[in-house]
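Q: Just dropping this structure here.
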Amino acid sequence: YEEVKDAYDTGYTHVTHLYSAMSSVTRRNAYRYAGVVEAAYLIEDMTVEIIADGVHLPKPFTSICL
């Protein structure tokens with residue numbers, strides 16, 4: 001999340017192929033940390049692309065992304 005937020009603060013506003021080979025929530029010691037996927041949802045003006053073919057992204061996930 002922090003790296004995506006830093007990138008957003010310097011002008012990046014788009015995430016390509018959401019969920020494909022991206023970090024999600026990870027646990028380090030006793031804490032959980034947001035990843036790229038969560039940053040894409042949490043940063044208000046971030047736009048995303050998905051591969052909605054049912055292979056790269058399961059069908060139920062497409063409705064979450066829309």
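Just remember, in the structure tokens the first chain shown is A, the second B, etc., residues are 1-based per chain, and ligands are 1-based in the order shown.
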Going by DSSP on the backbone, which residues of chain A come out as strand (DSSP E)? List them as a VMD selection string.

A: chain A and resid 14 to 15 26 to 28 31 to 33 47 to 48

Q: Among chain A, which ones does DSSP assign to alpha helix (DSSP H) (computed from the backbone)? Answer as a ChimeraX atom specification.

A: /A:2-9,36-42,59-65

Q: Could you save those same residues with N, CA and C atoms as a compact mmCIF listing (two decimals), in the first residue's frame?

A:
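Wrote it out as selection_8.txt, contents follow:
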# COMPACT_ATOMS: atom_id res chain seq x y z
N GLU A 2 1.87 1.28 0.83
CA GLU A 2 2.69 2.49 0.96
C GLU A 2 3.36 2.87 -0.35
N GLU A 3 3.88 1.87 -1.07
CA GLU A 3 4.53 2.16 -2.36
C GLU A 3 3.53 2.70 -3.38
N VAL A 4 2.34 2.15 -3.40
CA VAL A 4 1.31 2.63 -4.32
C VAL A 4 0.90 4.04 -3.95
N LYS A 5 0.75 4.31 -2.67
CA LYS A 5 0.38 5.65 -2.21
C LYS A 5 1.46 6.65 -2.60
N ASP A 6 2.73 6.28 -2.42
CA ASP A 6 3.83 7.15 -2.83
C ASP A 6 3.78 7.41 -4.34
N ALA A 7 3.53 6.37 -5.12
CA ALA A 7 3.45 6.53 -6.58
C ALA A 7 2.28 7.43 -6.94
N TYR A 8 1.16 7.25 -6.28
CA TYR A 8 -0.02 8.10 -6.53
C TYR A 8 0.31 9.56 -6.23
N ASP A 9 1.00 9.78 -5.13
CA ASP A 9 1.35 11.15 -4.73
C ASP A 9 2.28 11.83 -5.74
N VAL A 36 -1.15 -3.88 -2.99
CA VAL A 36 -1.52 -3.12 -4.18
C VAL A 36 -3.03 -3.18 -4.42
N VAL A 37 -3.61 -4.35 -4.25
CA VAL A 37 -5.05 -4.50 -4.49
C VAL A 37 -5.85 -3.57 -3.58
N GLU A 38 -5.53 -3.57 -2.31
CA GLU A 38 -6.25 -2.72 -1.36
C GLU A 38 -6.03 -1.24 -1.67
N ALA A 39 -4.82 -0.89 -2.06
CA ALA A 39 -4.53 0.50 -2.42
C ALA A 39 -5.40 0.94 -3.59
N ALA A 40 -5.57 0.05 -4.56
CA ALA A 40 -6.40 0.38 -5.72
C ALA A 40 -7.83 0.69 -5.32
N TYR A 41 -8.33 0.00 -4.31
CA TYR A 41 -9.68 0.26 -3.81
C TYR A 41 -9.74 1.49 -2.91
N LEU A 42 -8.72 1.70 -2.12
CA LEU A 42 -8.78 2.74 -1.09
C LEU A 42 -8.43 4.14 -1.57
N LYS A 59 -15.00 -14.96 -12.10
CA LYS A 59 -16.18 -14.14 -12.37
C LYS A 59 -16.70 -13.37 -11.16
N PRO A 60 -16.78 -13.97 -9.96
CA PRO A 60 -17.29 -13.18 -8.82
C PRO A 60 -16.46 -11.92 -8.53
N PHE A 61 -15.18 -11.95 -8.85
CA PHE A 61 -14.33 -10.80 -8.59
C PHE A 61 -14.65 -9.63 -9.52
N THR A 62 -15.16 -9.93 -10.71
CA THR A 62 -15.45 -8.83 -11.63
C THR A 62 -16.52 -7.90 -11.07
N SER A 63 -17.49 -8.45 -10.36
CA SER A 63 -18.52 -7.58 -9.78
C SER A 63 -17.97 -6.75 -8.63
N ILE A 64 -16.99 -7.26 -7.93
CA ILE A 64 -16.34 -6.48 -6.86
C ILE A 64 -15.62 -5.28 -7.45
N CYS A 65 -15.01 -5.48 -8.61
CA CYS A 65 -14.20 -4.43 -9.23
C CYS A 65 -15.02 -3.33 -9.88

Q: Rounded to one decimal place, report the CA of Tyr12 (chain A)-CA of Arg27 (chain A) distance in Å.

A: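 Straight-line distance from CA of Tyr12 (chain A) to CA of Arg27 (chain A) works out to 26.0 Å.
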
Q: May I have the residues within 6 Å of region 47-58 of chain A as a compact mmCIF listing (two decimals) with N, CA and C atoms, in the first residue's frame, using only C-alpha atoms and disregarding those fewer than 4 positions away in the same chain?

A:
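Ended up saving to part-v6.txt:
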# COMPACT_ATOMS: atom_id res chain seq x y z
N HIS A 14 -3.23 4.89 -12.15
CA HIS A 14 -3.85 3.74 -12.80
C HIS A 14 -3.14 2.45 -12.42
N VAL A 15 -3.93 1.42 -12.16
CA VAL A 15 -3.42 0.08 -11.88
C VAL A 15 -3.87 -0.83 -13.02
N THR A 16 -2.93 -1.49 -13.66
CA THR A 16 -3.23 -2.38 -14.78
C THR A 16 -3.34 -3.82 -14.30
N HIS A 17 -4.34 -4.53 -14.79
CA HIS A 17 -4.55 -5.95 -14.50
C HIS A 17 -4.69 -6.21 -13.00
N LEU A 18 -5.65 -5.54 -12.39
CA LEU A 18 -5.90 -5.71 -10.95
C LEU A 18 -6.04 -7.18 -10.60

Q: For a test of reading the model, state the distance in Å between CA of Tyr1 (chain A) and CA of Arg32 (chain A), rounded to one decimal.

A: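 The value is 11.3 Å.
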